[in-house]
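Trainee: Please find protein36.cif (mmCIF, N, CA and C atoms and all ligand atoms) on the next line:
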```
data_input
#
loop_
_atom_site.label_atom_id
_atom_site.label_comp_id
_atom_site.auth_asym_id
_atom_site.auth_seq_id
_atom_site.Cartn_x
_atom_site.Cartn_y
_atom_site.Cartn_z
N MET A 19 88.71 89.25 89.01
CA MET A 19 89.76 88.52 88.29
C MET A 19 89.69 88.86 86.81
N PHE A 20 88.47 88.94 86.27
CA PHE A 20 88.32 89.23 84.85
C PHE A 20 88.93 90.58 84.49
N SER A 21 88.60 91.61 85.31
CA SER A 21 89.09 92.94 84.98
C SER A 21 90.61 93.00 85.12
N TYR A 22 91.14 92.23 86.07
CA TYR A 22 92.59 92.20 86.24
C TYR A 22 93.24 91.63 84.98
N MET A 23 92.67 90.53 84.46
CA MET A 23 93.22 89.92 83.26
C MET A 23 93.13 90.90 82.09
N THR A 24 92.00 91.60 82.03
CA THR A 24 91.80 92.55 80.93
C THR A 24 92.86 93.63 80.96
N ARG A 25 93.07 94.18 82.18
CA ARG A 25 94.07 95.23 82.28
C ARG A 25 95.45 94.72 81.92
N LYS A 26 95.72 93.50 82.34
CA LYS A 26 97.04 92.95 82.07
C LYS A 26 97.22 92.75 80.56
N THR A 27 96.16 92.30 79.92
CA THR A 27 96.22 92.11 78.48
C THR A 27 96.46 93.43 77.77
N VAL A 28 95.71 94.46 78.19
CA VAL A 28 95.87 95.78 77.59
C VAL A 28 97.30 96.27 77.80
N CYS A 29 97.80 96.02 79.02
CA CYS A 29 99.14 96.43 79.37
C CYS A 29 100.16 95.76 78.44
N LEU A 30 100.00 94.48 78.21
CA LEU A 30 100.93 93.76 77.36
C LEU A 30 100.83 94.25 75.92
N LEU A 31 99.60 94.52 75.48
CA LEU A 31 99.41 95.01 74.12
C LEU A 31 100.10 96.36 73.94
N SER A 32 99.92 97.24 74.94
CA SER A 32 100.53 98.56 74.80
C SER A 32 102.05 98.44 74.86
N LEU A 33 102.52 97.48 75.65
CA LEU A 33 103.97 97.28 75.73
C LEU A 33 104.50 96.86 74.36
N ALA A 34 103.73 95.98 73.68
CA ALA A 34 104.14 95.54 72.35
C ALA A 34 104.17 96.72 71.39
N CYS A 35 103.18 97.59 71.51
CA CYS A 35 103.14 98.77 70.65
C CYS A 35 104.34 99.66 70.89
N PHE A 36 104.63 99.89 72.14
CA PHE A 36 105.76 100.74 72.47
C PHE A 36 107.06 100.11 71.94
N ALA A 37 107.13 98.78 72.03
CA ALA A 37 108.33 98.11 71.54
C ALA A 37 108.47 98.32 70.04
N LEU A 38 107.33 98.25 69.33
CA LEU A 38 107.36 98.47 67.89
C LEU A 38 107.81 99.88 67.57
N LEU A 39 107.41 100.82 68.41
CA LEU A 39 107.79 102.21 68.18
C LEU A 39 109.21 102.49 68.64
N GLY A 40 109.83 101.48 69.24
CA GLY A 40 111.19 101.66 69.69
C GLY A 40 111.29 102.46 70.97
N LEU A 41 110.20 102.52 71.75
CA LEU A 41 110.22 103.25 73.01
C LEU A 41 110.25 102.28 74.18
N LEU A 42 110.75 102.75 75.29
CA LEU A 42 110.73 101.95 76.50
C LEU A 42 109.47 102.26 77.29
N SER A 43 108.87 101.22 77.90
CA SER A 43 107.70 101.44 78.74
C SER A 43 107.86 100.64 80.02
N ALA A 44 107.59 101.28 81.13
CA ALA A 44 107.70 100.59 82.41
C ALA A 44 106.55 99.61 82.60
N CYS A 45 105.40 99.89 82.04
CA CYS A 45 104.25 99.01 82.13
C CYS A 45 103.99 98.56 83.57
N SER A 46 103.94 99.50 84.46
CA SER A 46 103.74 99.16 85.87
C SER A 46 102.31 98.70 86.12
N ALA A 47 102.15 97.87 87.11
CA ALA A 47 100.81 97.37 87.46
C ALA A 47 99.95 98.54 87.93
N PRO A 48 98.66 98.52 87.58
CA PRO A 48 97.79 99.62 88.02
C PRO A 48 97.65 99.63 89.54
N LYS A 49 97.59 100.81 90.11
CA LYS A 49 97.42 100.91 91.56
C LYS A 49 96.00 100.51 91.93
N GLU A 50 95.87 99.89 93.09
CA GLU A 50 94.55 99.47 93.54
C GLU A 50 93.65 100.66 93.80
N VAL A 51 94.23 101.70 94.39
CA VAL A 51 93.50 102.93 94.63
C VAL A 51 94.25 104.04 93.90
N GLU A 52 93.64 104.53 92.83
CA GLU A 52 94.31 105.51 91.97
C GLU A 52 93.86 106.92 92.33
N ILE A 53 94.82 107.75 92.67
CA ILE A 53 94.53 109.15 93.01
C ILE A 53 95.06 110.03 91.87
N SER A 54 94.23 110.93 91.38
CA SER A 54 94.68 111.85 90.33
C SER A 54 94.12 113.24 90.61
N GLU A 55 94.61 114.22 89.87
CA GLU A 55 94.14 115.61 90.00
C GLU A 55 94.20 116.09 91.45
N ALA A 56 95.22 115.67 92.19
CA ALA A 56 95.33 116.01 93.61
C ALA A 56 95.91 117.41 93.78
N LYS A 57 95.09 118.31 94.31
CA LYS A 57 95.51 119.71 94.45
C LYS A 57 94.98 120.30 95.75
N VAL A 58 95.79 121.17 96.36
CA VAL A 58 95.35 121.93 97.54
C VAL A 58 95.41 123.40 97.17
N ARG A 59 94.34 124.12 97.47
CA ARG A 59 94.32 125.55 97.16
C ARG A 59 95.34 126.30 98.00
N ALA A 60 96.03 127.23 97.37
CA ALA A 60 96.98 128.08 98.08
C ALA A 60 96.25 128.83 99.19
N LEU A 61 96.96 129.12 100.27
CA LEU A 61 96.35 129.84 101.38
C LEU A 61 96.07 131.29 100.99
N LEU A 62 94.93 131.79 101.44
CA LEU A 62 94.68 133.21 101.30
C LEU A 62 95.45 133.93 102.40
N PRO A 63 95.83 135.18 102.17
CA PRO A 63 96.62 135.91 103.18
C PRO A 63 95.92 135.91 104.55
N GLY A 64 96.66 135.58 105.57
CA GLY A 64 96.12 135.60 106.92
C GLY A 64 95.26 134.42 107.30
N ARG A 65 95.11 133.45 106.39
CA ARG A 65 94.26 132.29 106.67
C ARG A 65 95.11 131.03 106.83
N ASP A 66 94.61 130.10 107.63
CA ASP A 66 95.32 128.82 107.75
C ASP A 66 94.41 127.64 107.41
N THR A 67 93.25 127.95 106.81
CA THR A 67 92.32 126.91 106.37
C THR A 67 92.22 126.95 104.85
N THR A 68 92.21 125.77 104.24
CA THR A 68 92.09 125.72 102.79
C THR A 68 91.34 124.45 102.38
N ALA A 69 91.27 124.20 101.09
CA ALA A 69 90.51 123.05 100.59
C ALA A 69 91.37 122.21 99.66
N GLY A 70 91.09 120.90 99.65
CA GLY A 70 91.82 119.97 98.81
C GLY A 70 90.88 119.23 97.89
N TYR A 71 91.38 118.95 96.68
CA TYR A 71 90.57 118.28 95.66
C TYR A 71 91.36 117.11 95.07
N PHE A 72 90.64 116.08 94.64
CA PHE A 72 91.29 114.94 93.98
C PHE A 72 90.23 114.06 93.36
N GLU A 73 90.69 113.14 92.54
CA GLU A 73 89.81 112.09 92.03
C GLU A 73 90.36 110.76 92.53
N LEU A 74 89.47 109.88 92.90
CA LEU A 74 89.88 108.56 93.40
C LEU A 74 89.16 107.49 92.60
N ARG A 75 89.91 106.55 92.07
CA ARG A 75 89.28 105.42 91.37
C ARG A 75 89.61 104.14 92.10
N ASN A 76 88.59 103.35 92.32
CA ASN A 76 88.71 102.09 93.06
C ASN A 76 88.95 100.94 92.09
N HIS A 77 90.20 100.47 92.03
CA HIS A 77 90.54 99.34 91.16
C HIS A 77 90.50 98.01 91.93
N THR A 78 90.10 98.04 93.19
CA THR A 78 90.03 96.79 93.95
C THR A 78 88.69 96.09 93.64
N ALA A 79 88.56 94.88 94.14
CA ALA A 79 87.33 94.11 93.91
C ALA A 79 86.30 94.38 95.00
N ALA A 80 86.64 95.25 95.95
CA ALA A 80 85.74 95.50 97.08
C ALA A 80 85.33 96.97 97.11
N THR A 81 84.20 97.23 97.75
CA THR A 81 83.78 98.61 97.96
C THR A 81 84.72 99.25 98.98
N LEU A 82 85.19 100.43 98.67
CA LEU A 82 86.07 101.16 99.57
C LEU A 82 85.24 102.21 100.31
N THR A 83 85.56 102.39 101.59
CA THR A 83 84.90 103.43 102.37
C THR A 83 85.96 104.39 102.89
N LEU A 84 85.97 105.58 102.32
CA LEU A 84 86.91 106.61 102.74
C LEU A 84 86.37 107.25 104.02
N VAL A 85 87.17 107.22 105.07
CA VAL A 85 86.67 107.70 106.37
C VAL A 85 87.41 108.94 106.87
N GLY A 86 88.45 109.37 106.15
CA GLY A 86 89.12 110.58 106.60
C GLY A 86 90.47 110.75 105.95
N ALA A 87 91.14 111.82 106.37
CA ALA A 87 92.46 112.13 105.82
C ALA A 87 93.28 112.84 106.89
N THR A 88 94.60 112.68 106.78
CA THR A 88 95.50 113.35 107.70
C THR A 88 96.69 113.88 106.90
N SER A 89 97.38 114.83 107.51
CA SER A 89 98.60 115.36 106.90
C SER A 89 99.49 115.90 108.00
N PRO A 90 100.81 115.66 107.88
CA PRO A 90 101.71 116.26 108.86
C PRO A 90 101.73 117.79 108.74
N ALA A 91 101.21 118.33 107.63
CA ALA A 91 101.24 119.78 107.42
C ALA A 91 99.95 120.46 107.86
N ALA A 92 99.00 119.67 108.41
CA ALA A 92 97.71 120.26 108.81
C ALA A 92 97.33 119.78 110.21
N ARG A 93 96.63 120.66 110.95
CA ARG A 93 96.18 120.25 112.28
C ARG A 93 95.06 119.21 112.16
N ALA A 94 94.19 119.38 111.18
CA ALA A 94 93.08 118.44 110.98
C ALA A 94 92.56 118.56 109.56
N ILE A 95 91.98 117.46 109.08
CA ILE A 95 91.33 117.47 107.76
C ILE A 95 89.97 116.80 107.90
N GLU A 96 88.94 117.47 107.37
CA GLU A 96 87.59 116.91 107.37
C GLU A 96 87.11 116.76 105.93
N MET A 97 86.18 115.83 105.73
CA MET A 97 85.54 115.72 104.42
C MET A 97 84.25 116.54 104.48
N HIS A 98 84.08 117.43 103.51
CA HIS A 98 82.91 118.30 103.46
C HIS A 98 82.19 118.18 102.13
N ARG A 99 80.93 118.56 102.15
CA ARG A 99 80.18 118.69 100.91
C ARG A 99 79.56 120.08 100.88
N THR A 100 79.72 120.75 99.76
CA THR A 100 79.11 122.07 99.58
C THR A 100 77.67 121.87 99.11
N TYR A 101 76.76 122.64 99.65
CA TYR A 101 75.37 122.56 99.20
C TYR A 101 74.79 123.97 99.09
N ILE A 102 73.71 124.07 98.34
CA ILE A 102 73.02 125.34 98.20
C ILE A 102 71.60 125.15 98.73
N LYS A 103 71.24 126.00 99.68
CA LYS A 103 69.90 125.93 100.25
C LYS A 103 69.38 127.35 100.43
N ASP A 104 68.19 127.61 99.91
CA ASP A 104 67.61 128.96 99.97
C ASP A 104 68.58 130.00 99.42
N ASP A 105 69.21 129.69 98.30
CA ASP A 105 70.15 130.59 97.64
C ASP A 105 71.40 130.89 98.46
N ARG A 106 71.63 130.12 99.48
CA ARG A 106 72.85 130.33 100.27
C ARG A 106 73.72 129.09 100.17
N VAL A 107 75.01 129.34 100.14
CA VAL A 107 75.97 128.24 100.04
C VAL A 107 76.42 127.84 101.44
N GLY A 108 76.35 126.57 101.71
CA GLY A 108 76.83 126.06 103.00
C GLY A 108 77.66 124.82 102.80
N MET A 109 78.23 124.35 103.90
CA MET A 109 79.03 123.13 103.84
C MET A 109 78.61 122.24 105.00
N GLN A 110 78.61 120.94 104.75
CA GLN A 110 78.37 120.02 105.84
C GLN A 110 79.47 118.97 105.88
N ARG A 111 79.74 118.49 107.07
CA ARG A 111 80.76 117.47 107.22
C ARG A 111 80.19 116.12 106.80
N ILE A 112 80.98 115.37 106.04
CA ILE A 112 80.58 114.04 105.57
C ILE A 112 81.42 113.01 106.32
N PRO A 113 80.80 112.08 107.03
CA PRO A 113 81.60 111.13 107.81
C PRO A 113 82.34 110.10 106.97
N GLU A 114 81.74 109.70 105.85
CA GLU A 114 82.40 108.69 105.01
C GLU A 114 81.87 108.76 103.59
N VAL A 115 82.71 108.28 102.67
CA VAL A 115 82.34 108.25 101.26
C VAL A 115 82.64 106.85 100.75
N THR A 116 81.65 106.19 100.15
CA THR A 116 81.88 104.83 99.65
C THR A 116 82.09 104.87 98.14
N ILE A 117 83.01 104.03 97.68
CA ILE A 117 83.33 103.94 96.26
C ILE A 117 83.26 102.47 95.86
N ALA A 118 82.31 102.12 95.00
CA ALA A 118 82.12 100.74 94.56
C ALA A 118 83.29 100.30 93.67
N PRO A 119 83.50 98.99 93.53
CA PRO A 119 84.59 98.51 92.67
C PRO A 119 84.45 99.06 91.25
N GLY A 120 85.54 99.58 90.72
CA GLY A 120 85.53 100.10 89.36
C GLY A 120 85.01 101.52 89.25
N GLU A 121 84.47 102.03 90.36
CA GLU A 121 83.89 103.38 90.33
C GLU A 121 84.91 104.41 90.80
N SER A 122 84.57 105.68 90.55
CA SER A 122 85.44 106.75 91.02
C SER A 122 84.59 107.82 91.69
N VAL A 123 85.27 108.66 92.47
CA VAL A 123 84.60 109.77 93.12
C VAL A 123 85.48 111.00 92.93
N ALA A 124 84.84 112.13 92.74
CA ALA A 124 85.60 113.37 92.55
C ALA A 124 85.36 114.32 93.71
N PHE A 125 86.44 114.75 94.33
CA PHE A 125 86.40 115.85 95.29
C PHE A 125 86.76 117.09 94.48
N GLU A 126 85.84 118.02 94.37
CA GLU A 126 86.07 119.14 93.45
C GLU A 126 85.38 120.39 93.97
N ARG A 127 85.78 121.51 93.40
CA ARG A 127 85.23 122.80 93.77
C ARG A 127 83.70 122.78 93.66
N GLY A 128 83.02 123.18 94.71
CA GLY A 128 81.56 123.23 94.68
C GLY A 128 80.89 121.91 95.02
N GLY A 129 81.68 120.90 95.38
CA GLY A 129 81.09 119.60 95.72
C GLY A 129 81.78 119.04 96.95
N LEU A 130 82.07 117.76 96.88
CA LEU A 130 82.87 117.16 97.95
C LEU A 130 84.25 117.83 97.95
N HIS A 131 84.79 118.06 99.14
CA HIS A 131 86.15 118.58 99.22
C HIS A 131 86.77 118.21 100.55
N LEU A 132 88.07 118.28 100.61
CA LEU A 132 88.76 118.14 101.87
C LEU A 132 88.87 119.53 102.47
N MET A 133 88.44 119.69 103.74
CA MET A 133 88.61 120.96 104.45
C MET A 133 89.85 120.78 105.31
N ILE A 134 90.83 121.60 105.04
CA ILE A 134 92.15 121.42 105.66
C ILE A 134 92.39 122.55 106.64
N PHE A 135 92.53 122.21 107.91
CA PHE A 135 92.64 123.21 108.98
C PHE A 135 94.07 123.27 109.53
N GLY A 136 94.44 124.47 109.96
CA GLY A 136 95.68 124.62 110.71
C GLY A 136 96.93 124.39 109.88
N VAL A 137 96.98 125.05 108.73
CA VAL A 137 98.18 124.95 107.88
C VAL A 137 99.07 126.15 108.18
N ASN A 138 100.21 125.91 108.77
CA ASN A 138 101.12 127.01 109.10
C ASN A 138 102.10 127.27 107.97
N GLU A 139 102.61 126.19 107.40
CA GLU A 139 103.48 126.32 106.24
C GLU A 139 102.97 125.39 105.16
N PHE A 140 102.94 125.90 103.95
CA PHE A 140 102.38 125.14 102.83
C PHE A 140 103.50 124.38 102.13
N PRO A 141 103.59 123.07 102.34
CA PRO A 141 104.65 122.31 101.67
C PRO A 141 104.29 122.04 100.22
N GLU A 142 105.27 122.00 99.36
CA GLU A 142 105.02 121.65 97.96
C GLU A 142 105.91 120.49 97.56
N PRO A 143 105.36 119.32 97.27
CA PRO A 143 103.92 119.04 97.30
C PRO A 143 103.40 118.88 98.72
N PHE A 144 102.07 118.92 98.84
CA PHE A 144 101.38 118.83 100.12
C PHE A 144 101.03 117.35 100.35
N PRO A 145 101.63 116.69 101.36
CA PRO A 145 101.36 115.26 101.55
C PRO A 145 100.06 115.03 102.32
N ILE A 146 99.18 114.22 101.78
CA ILE A 146 97.93 113.89 102.47
C ILE A 146 97.73 112.38 102.40
N THR A 147 97.41 111.78 103.55
CA THR A 147 97.13 110.35 103.62
C THR A 147 95.63 110.15 103.73
N LEU A 148 95.06 109.44 102.77
CA LEU A 148 93.63 109.11 102.80
C LEU A 148 93.46 107.81 103.57
N ARG A 149 92.48 107.79 104.47
CA ARG A 149 92.29 106.64 105.35
C ARG A 149 90.94 105.97 105.09
N PHE A 150 90.96 104.64 105.07
CA PHE A 150 89.77 103.87 104.71
C PHE A 150 89.33 103.00 105.88
N ALA A 151 88.07 102.57 105.82
CA ALA A 151 87.48 101.80 106.91
C ALA A 151 88.19 100.47 107.14
N ASP A 152 88.82 99.93 106.08
CA ASP A 152 89.50 98.64 106.23
C ASP A 152 90.96 98.83 106.67
N ASP A 153 91.28 100.03 107.19
CA ASP A 153 92.64 100.37 107.66
C ASP A 153 93.63 100.62 106.54
N ARG A 154 93.15 100.55 105.30
CA ARG A 154 94.02 100.89 104.18
C ARG A 154 94.37 102.38 104.25
N GLN A 155 95.61 102.72 103.94
CA GLN A 155 96.03 104.12 103.89
C GLN A 155 96.70 104.37 102.55
N VAL A 156 96.32 105.45 101.92
CA VAL A 156 96.91 105.80 100.63
C VAL A 156 97.45 107.22 100.71
N GLU A 157 98.75 107.36 100.53
CA GLU A 157 99.36 108.68 100.60
C GLU A 157 99.49 109.26 99.20
N ALA A 158 99.19 110.54 99.09
CA ALA A 158 99.31 111.20 97.79
C ALA A 158 99.97 112.56 97.97
N ALA A 159 100.68 112.98 96.93
CA ALA A 159 101.34 114.28 96.93
C ALA A 159 100.43 115.26 96.18
N PHE A 160 99.89 116.24 96.90
CA PHE A 160 98.98 117.21 96.30
C PHE A 160 99.78 118.43 95.84
N SER A 161 99.50 118.87 94.63
CA SER A 161 100.19 120.07 94.15
C SER A 161 99.42 121.32 94.57
N LYS A 162 100.06 122.46 94.42
CA LYS A 162 99.46 123.72 94.86
C LYS A 162 98.57 124.29 93.77
N LEU A 163 97.35 124.65 94.15
CA LEU A 163 96.39 125.22 93.21
C LEU A 163 96.30 126.72 93.50
N ALA A 164 96.69 127.52 92.53
CA ALA A 164 96.63 128.99 92.74
C ALA A 164 95.19 129.44 92.87
N ASN A 165 94.97 130.40 93.72
CA ASN A 165 93.60 130.90 93.91
C ASN A 165 93.18 131.82 92.76
CU CU A 201 84.42 122.82 103.67
#
```
Rewrite the structure of this file - the entire thing - as structure tokens.
Mentor:
Amino acid sequence: MFSYMTRKTVCLLSLACFALLGLLSACSAPKEVEISEAKVRALLPGRDTTAGYFELRNHTAATLTLVGATSPAARAIEMHRTYIKDDRVGMQRIPEVTIAPGESVAFERGGLHLMIFGVNEFPEPFPITLRFADDRQVEAAFSKLAN
């Protein structure tokens, strides 16, 4: 409740500033689950598997558990983590990722990533629905990341 009030106060203050500057501001309420930097790597020639990256910030009061992702443009999506062992790079499947209230997690090159299988046509933007243990679903539009 405290953080909600804080955000609302900041929102009102910024709205006042914008008003002083003579600008319009929508001042929309912050999303409970904020997705940013959402990108899917362009397909390499002859391949139908690629990787997706994003940042997720948990603005809810509860710990979120990300359990998977789906897309109408992909046959399947898995959560993977890249690791280095004995100077070799490998990937392992991660069943779930937990994000504490107020915390964020980054899916990025060389770390956690979405492994996206069976992409026949690359839509722009690429729609991906993130699925959570509490049945929450968050859809995001991923832009194309050039290789
Ligand atoms: Cu992978």
Trainee: Using only N, CA and C atoms for the distances, tell me which of A:Ala91, A:Ala69, A:Val107, A:Leu74 is nearest to Glu52 of chain A.
Mentor: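 Closest candidate: A:Leu74.
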Trainee: List the neighbours of segment 152-156 of chain A out to 8 Å using only N, CA and C atoms; skip same-chain residues closer than 2 positions along the sequence, and give me the result as number ranges by chain.
Mentor: A: 51, 82-85, 146-150, 158-159
Trainee: Name each residue within 6 Å of ligand CU 201 (chain A), counting only C-alpha atoms and all ligand atoms, as a list in words.
Mentor: His98, Met109 and Met133 of chain A
Trainee: Work out how far atom C of Lys103 of chain A is from atom N of Gly136 of chain A, in Å to one decimal.
Mentor: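 Going from atom N of Gly136 of chain A over to atom C of Lys103 of chain A covers 27.0 Å.
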Trainee: So what do you get for atom CA of Arg59 of chain A versus atom CA of Thr88 of chain A, distance-wise?
Mentor: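 Going from atom CA of Arg59 of chain A over to atom CA of Thr88 of chain A, I get 16.2 Å.
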Trainee: Measure the distance from atom C of Pro119 of chain A to atom CA of Arg75 of chain A in Å and round it to one decimal.
Mentor: 8.0 Å
Trainee: I need the residue nearest Ile117 of chain A from this list: A:Ala151, A:Ile102, A:Ile95, A:Ala80. Use all atoms listed in the file for the distance.
Mentor: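 With all atoms listed in the file as the atom set, the closest residue is A:Ala80.
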Trainee: Pick the closest to Glu126 of chain A from A:Asn138, A:Thr81, A:Ser54, A:Thr67: which is it, counting only C-alpha atoms?
Mentor: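 When distances to Glu126 of chain A are compared using only C-alpha atoms, the smallest one comes from A:Ser54.
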Trainee: May I have the residues at most 7 Å from (105.5, 115.1, 97.4) in the file's coordinates, counting all atoms listed in the file, as number ranges by chain?
Mentor: A: 142-145, 158-160
Trainee: Phe135 of chain A: which residues within 12 Å, counting only C-alpha atoms, same-chain residues fewer than 3 positions away excluded, as a CSV table (one decimal) with N, CA and C atoms, keeping the file's coordinate frame?
Mentor:
```
chain,number,residue,atom,x,y,z
A,58,VAL,N,95.8,121.2,96.4
A,58,VAL,CA,95.4,121.9,97.5
A,58,VAL,C,95.4,123.4,97.2
A,61,LEU,N,97.0,129.1,100.3
A,61,LEU,CA,96.4,129.8,101.4
A,61,LEU,C,96.1,131.3,101.0
A,65,ARG,N,95.1,133.4,106.4
A,65,ARG,CA,94.3,132.3,106.7
A,65,ARG,C,95.1,131.0,106.8
A,66,ASP,N,94.6,130.1,107.6
A,66,ASP,CA,95.3,128.8,107.8
A,66,ASP,C,94.4,127.6,107.4
A,67,THR,N,93.2,128.0,106.8
A,67,THR,CA,92.3,126.9,106.4
A,67,THR,C,92.2,127.0,104.8
A,68,THR,N,92.2,125.8,104.2
A,68,THR,CA,92.1,125.7,102.8
A,68,THR,C,91.3,124.4,102.4
A,69,ALA,N,91.3,124.2,101.1
A,69,ALA,CA,90.5,123.0,100.6
A,69,ALA,C,91.4,122.2,99.7
A,70,GLY,N,91.1,120.9,99.6
A,70,GLY,CA,91.8,120.0,98.8
A,70,GLY,C,90.9,119.2,97.9
A,87,ALA,N,91.1,111.8,106.4
A,87,ALA,CA,92.5,112.1,105.8
A,87,ALA,C,93.3,112.8,106.9
A,88,THR,N,94.6,112.7,106.8
A,88,THR,CA,95.5,113.4,107.7
A,88,THR,C,96.7,113.9,106.9
A,89,SER,N,97.4,114.8,107.5
A,89,SER,CA,98.6,115.4,106.9
A,89,SER,C,99.5,115.9,108.0
A,90,PRO,N,100.8,115.7,107.9
A,90,PRO,CA,101.7,116.3,108.9
A,90,PRO,C,101.7,117.8,108.7
A,91,ALA,N,101.2,118.3,107.6
A,91,ALA,CA,101.2,119.8,107.4
A,91,ALA,C,100.0,120.5,107.9
A,92,ALA,N,99.0,119.7,108.4
A,92,ALA,CA,97.7,120.3,108.8
A,92,ALA,C,97.3,119.8,110.2
A,93,ARG,N,96.6,120.7,111.0
A,93,ARG,CA,96.2,120.2,112.3
A,93,ARG,C,95.1,119.2,112.2
A,94,ALA,N,94.2,119.4,111.2
A,94,ALA,CA,93.1,118.4,111.0
A,94,ALA,C,92.6,118.6,109.6
A,95,ILE,N,92.0,117.5,109.1
A,95,ILE,CA,91.3,117.5,107.8
A,95,ILE,C,90.0,116.8,107.9
A,96,GLU,N,88.9,117.5,107.4
A,96,GLU,CA,87.6,116.9,107.4
A,96,GLU,C,87.1,116.8,105.9
A,97,MET,N,86.2,115.8,105.7
A,97,MET,CA,85.5,115.7,104.4
A,97,MET,C,84.2,116.5,104.5
A,132,LEU,N,88.1,118.3,100.6
A,132,LEU,CA,88.8,118.1,101.9
A,132,LEU,C,88.9,119.5,102.5
A,138,ASN,N,100.2,125.9,108.8
A,138,ASN,CA,101.1,127.0,109.1
A,138,ASN,C,102.1,127.3,108.0
A,139,GLU,N,102.6,126.2,107.4
A,139,GLU,CA,103.5,126.3,106.2
A,139,GLU,C,103.0,125.4,105.2
A,140,PHE,N,102.9,125.9,104.0
A,140,PHE,CA,102.4,125.1,102.8
A,140,PHE,C,103.5,124.4,102.1
```
Trainee: Can you check which residues of chain A DSSP gives as strand (DSSP E or B) on the backbone and send them as an NGL selection string?
Mentor: :A and (51-59 or 68-76 or 82-88 or 94-103 or 106-111 or 115-117 or 122-125 or 130-135 or 144-150 or 155-163)
Trainee: Find, counting only C-alpha atoms, the residue in A:Lys57, A:His77, A:Lys49, A:Arg99 that gets nearest to Pro113 of chain A.
Mentor: A:Arg99
